[in-house]
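So the structure is just underneath, and the comments pick up after that.
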Amino acid sequence: MEKYFLDAQDLTKTFPAPKGGDPLTVFENQSFGINKGEFICIIGHSGCGKSTILNVLAGLDEATSGVVLMDGREVAGPSLDRGVVFQHYSLLPWISSLRNITFAVRARWPSWRKEQVLHHSMKYLDMVGLAGAESRKPSQLSGGMRQRVSIARAFAIEPKLLLMDEPFGALDALTRGIIQEELMKIWEQTNQTVFMITHDVDEAILLADRILLMTNGPYAHIAESVIIDIPRHRERTEIIHHPNYYPIRNHLVEFLVKRSKELANPEMRTQVEPRETRKRVYPPNVNPAADVNSSSNKIIDLEKHKA
Amino acid sequence: MLRSLTARAAVLSMVLLVFFLGVWELANQPPEAKEALTEYERLMGGSEPQARVPNPSEIGKLAVAELSDPFYDKGPNDKGIGLQLLYSIKRVMFGYFLAALIAIPVGFLVGMSPLMHKALDPFIQVLKPISPLAWMPLALFILKDSEVSSVFVIFICSIWPMLINTAFGVGAVKKDWINIARTHELGKLRTAVTVILPAAAPTILTGMRISIGIAWLVIVAAEMLVGGTGIGYYVWNEWNNLDLTAVVFSILMIGIVGMLLDMMLARATRLVQYEE
Ligand SMILES: Nc1ncnc2c1ncn2[C@@H]1O[C@H](COP(=O)(O)OP(=O)(O)O)[C@@H](O)[C@H]1O
Ligand SMILES: [Mg+2]
């Protein structure tokens with residue numbers, strides 16, 4: 001197997017028992033990988049553990065067991081190598097949008113001169129179409145503008161991996177569409193590696209190279225890695241006419257509606273086999289559009305995964 | 001026509017003031033002056049033999065006289081009102097800033113560390129409800145100086161609101177903001193200064209505002225107790241002289257200075273306020 005740029009190996013996260021309750025194992029022995037420059041989305045029902053995974057990748061939270069390797073080195077604690085965009089409160093509300101970015105840029109390159117920091121920050125603010133709003137505080141910006149600033153900041157520090165937790169979840173559909181396109185444009189320019197949580201199937205298809213599907217928890221697992229076989233550059237209005245669009249979309253929706261529950265199964269613990277002998281299992285790659293293009297079958301390999 | 005609410009409120013305030021002072025003035029005429037109140041007698045109102053609650057006009061006259069020369073110093077029992085107020089303000093400032101110097105760092109510690117919070121909480125809970133004046137005898141005995149003792153009493157009364165509010169404000173900083181600091185690899189000190197301090201500043205300043213109010217309440221009582229100088233001593237001294245005009249006038253001045261102190265802190269609070 002090729003070496004992933006980001007390699008999550010056998011991640012388990014168990015939250016300690018609350019008073020009078022049982023400990024909660026959100027997921028157990030989950031592995032997946034991200035290649036350099038890839039845009040990965042992960043979808044799954046609310047509460048299945050997507051944010052928990054993202055926080056482990058960010059280094060904000062520690063996995064109970066398992067490791068995350070980035071560029072061959074173990075992730076231990078948060079780092080400027082991994083930028084994070086949250087749904088809310090990603091910005092410091094008492095400083096202007098520009099200062100929210102310069103603060104990050106200065107943290108990234110402490111030796112830079114003031115003008116250099118300013119110039120670099122303005123460049124990214126400009127990139128998200130917010131030149132002119134640099135002196136406004138986050139409270140004076142709309143939700144969409146706030147997320148633009150968050151995205152500008154995340155790109156400005158040029159992290160090796162960008163992590164986004166439902167960044168557009170709180171936005172109206174129109175704004176979301178516009179920012180998705182901006183994000184895609186910037187991503188194409190920068191070749192940034194991205195891991196993004198979303199609950200919007202269309203958003204995931206538009207943006208992702210691969211979509212990880214997560215079953216319901218507890219003991220949630222990443223069931224598949226769905227390849228989005230639609231060429232770039234994608235346009236929101238045109239992508240729906242691509243022959244592969246609906247096969248992919250149907251596959252995802254079917255997973256969310258049906259299989260995410262069916263596959264969710266507390267008995268599906270992998271601990272039966274001792275850690276040393278058990279093989280690491282990565283989610284199988286699936287191309288729902290394979291039938292459309294050729295006679296080859298979909299590569300759903302769940303039986304192996306279940307073993 | 002007056003449209004603005006502020007203007008209408010100001011007019012109403014004036015009307016109430018005039019009405020209140022008028023009633024006071026009319027209802028409080030000196031009994032023997034009821035029939036023949038000459039201009040001369042009225043002017044000499046202060047020299048009446050019988051002590052009584054003064055009239056607004058008398059207080060006004062005293063206020064003009066006192067405020068036209070507020071800083072004179074003719075010995076220990078005859079100092080200008082401004083000078084007395086300055087003594088009190090100075091003590092309040094010393095005790096208050098000393099308290100801030102300790103309360104804010106300790107508040108940070110308590111707010112950031114659950115261990116420190118649990119460990120220090122019993123002390124705070126027991127010490128907080130003690131009337132600051134209850135410390136006075138002990139302070140006088142240990143510190144052997146009335147000046148230092150009053151500063152100490154101010155210190156001990158202003159420390160709690162600042163400490164508790166700082167701890168609360170620091171503890172309530174949104175986890176996402178701390179995470180911003182963490183993902184940007186800010187050190188502990190830089191996180192405290194660039195994220196936690198501005199995030200908690202409105203709460204901290206609210207505590208500081210409560211403290212200055214309490215300190216100003218307490219200094220009057222403390223100075224009545226230890227004597228010497230200050231507005232509290234002044235009030236007590238004038239009471240001993242049965243000069244109620246001066247007593248009422250100084251009460252008014254205490255109120256005005258207290259209001260100014262509060263306004264300063266309110267303005268500072270507004271400066272650090274932010275909207276989410
Ligand atoms: N700090 C925590 N302590 C205990 N349980 C938690 C904690 N954080 C999340 N959980 C639980 O873990 C599960 C997964 O949460 P999360 O990762 O936020 O889900 P998602 O992002 O997919 O909606 C949920 O059941 C949630 O209640
Ligand atoms: Mg989540």
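Residues are referred to by chain and number: the chain letter is A, B, ... according to the order shown in the structure tokens, the number counts from 1 in that chain, and ligands are numbered separately from 1 in the order shown.
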**Study point:** Expected selection as JSON, numbers by chain for ligand 2 within 12 Å, only C-alpha atoms and all ligand atoms
**Key:** {"A": [42, 43, 44, 45, 46, 47, 48, 49, 50, 51, 52, 53, 54, 55, 86, 87, 88, 164, 165, 166, 167, 169, 196, 197, 198, 199]}
**Study point:** Backbone-only DSSP, alpha helix (DSSP H) members of stretch 8-172 of chain B, as a ChimeraX atom specification
**Key:** /B:8-27,39-43,56-68,81-112,114-127,136-143,146-171
Practice item. Check every residue of chain B for an atom within 12 Å of chain A, counting only C-alpha atoms, and provide those that qualify as number ranges by chain. Key: B: 173-187, 190-191, 194-202, 271-276
Dump as an mmCIF file, in the first residue's frame, selection limited to C-alpha atoms:
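Result went into out.cif, see below:
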```cif
data_model
loop_
_atom_site.group_PDB
_atom_site.id
_atom_site.type_symbol
_atom_site.label_atom_id
_atom_site.label_comp_id
_atom_site.auth_asym_id
_atom_site.auth_seq_id
_atom_site.Cartn_x
_atom_site.Cartn_y
_atom_site.Cartn_z
ATOM 1 C CA VAL B 173 -13.484 31.980 28.163
ATOM 2 C CA LYS B 174 -14.864 30.029 25.210
ATOM 3 C CA LYS B 175 -12.988 26.822 24.584
ATOM 4 C CA ASP B 176 -12.915 27.622 20.866
ATOM 5 C CA TRP B 177 -10.929 30.784 21.561
ATOM 6 C CA ILE B 178 -8.440 28.843 23.632
ATOM 7 C CA ASN B 179 -8.282 26.385 20.747
ATOM 8 C CA ILE B 180 -7.429 29.242 18.391
ATOM 9 C CA ALA B 181 -4.460 29.985 20.627
ATOM 10 C CA ARG B 182 -3.529 26.322 20.739
ATOM 11 C CA THR B 183 -3.711 25.737 16.994
ATOM 12 C CA HIS B 184 -1.538 28.799 16.508
ATOM 13 C CA GLU B 185 1.002 27.452 18.955
ATOM 14 C CA LEU B 186 0.813 30.394 21.324
ATOM 15 C CA GLY B 187 2.684 29.842 24.568
ATOM 16 C CA ARG B 190 0.935 34.787 25.089
ATOM 17 C CA THR B 191 -2.344 32.920 25.334
ATOM 18 C CA THR B 194 -3.607 37.905 23.704
ATOM 19 C CA VAL B 195 -6.631 35.653 24.175
ATOM 20 C CA ILE B 196 -7.709 35.148 27.774
ATOM 21 C CA LEU B 197 -7.162 38.681 29.021
ATOM 22 C CA PRO B 198 -9.167 40.430 26.283
ATOM 23 C CA ALA B 199 -11.827 37.727 26.441
ATOM 24 C CA ALA B 200 -12.235 38.097 30.201
ATOM 25 C CA ALA B 201 -11.602 41.852 30.348
ATOM 26 C CA PRO B 202 -15.259 42.919 30.499
ATOM 27 C CA LEU B 271 -13.555 50.254 26.106
ATOM 28 C CA VAL B 272 -12.881 46.547 26.522
ATOM 29 C CA GLN B 273 -16.416 45.382 25.792
ATOM 30 C CA TYR B 274 -16.818 43.316 22.666
ATOM 31 C CA GLU B 275 -19.694 41.782 20.822
ATOM 32 C CA GLU B 276 -19.663 38.151 19.880
#
```
Review point. Which residues come within 6 Å of stretch 219-227 of chain A, counting only C-alpha atoms, excluding same-chain residues fewer than 5 positions away, as a ChimeraX atom specification?
Key: /A:25-28,210-214,266,283-287
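Straight-line separation from atom CA of A:Ala63 to atom CA of A:Pro218: 15.2 Å.
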Review point. Could you name the residues that touch B:Ile214 at 12 Å or less, counting only C-alpha atoms, but leaving out those on the same chain fewer than 2 positions away, as a ChimeraX atom specification?
Key: /B:92,95-96,131-132,153-162,207-212,216-221,258,261-262
Practice item. Write out as a count of residues only the residues lying within 10 Å of stretch 228-235 of chain B, counting only C-alpha atoms and excluding same-chain residues fewer than 2 positions away. Key: 43
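With distances restricted to only C-alpha atoms and all ligand atoms, A:Val56 is the closest residue to ligand 1 from A:Ile34, A:Ile101, A:Ala173, A:Val56.
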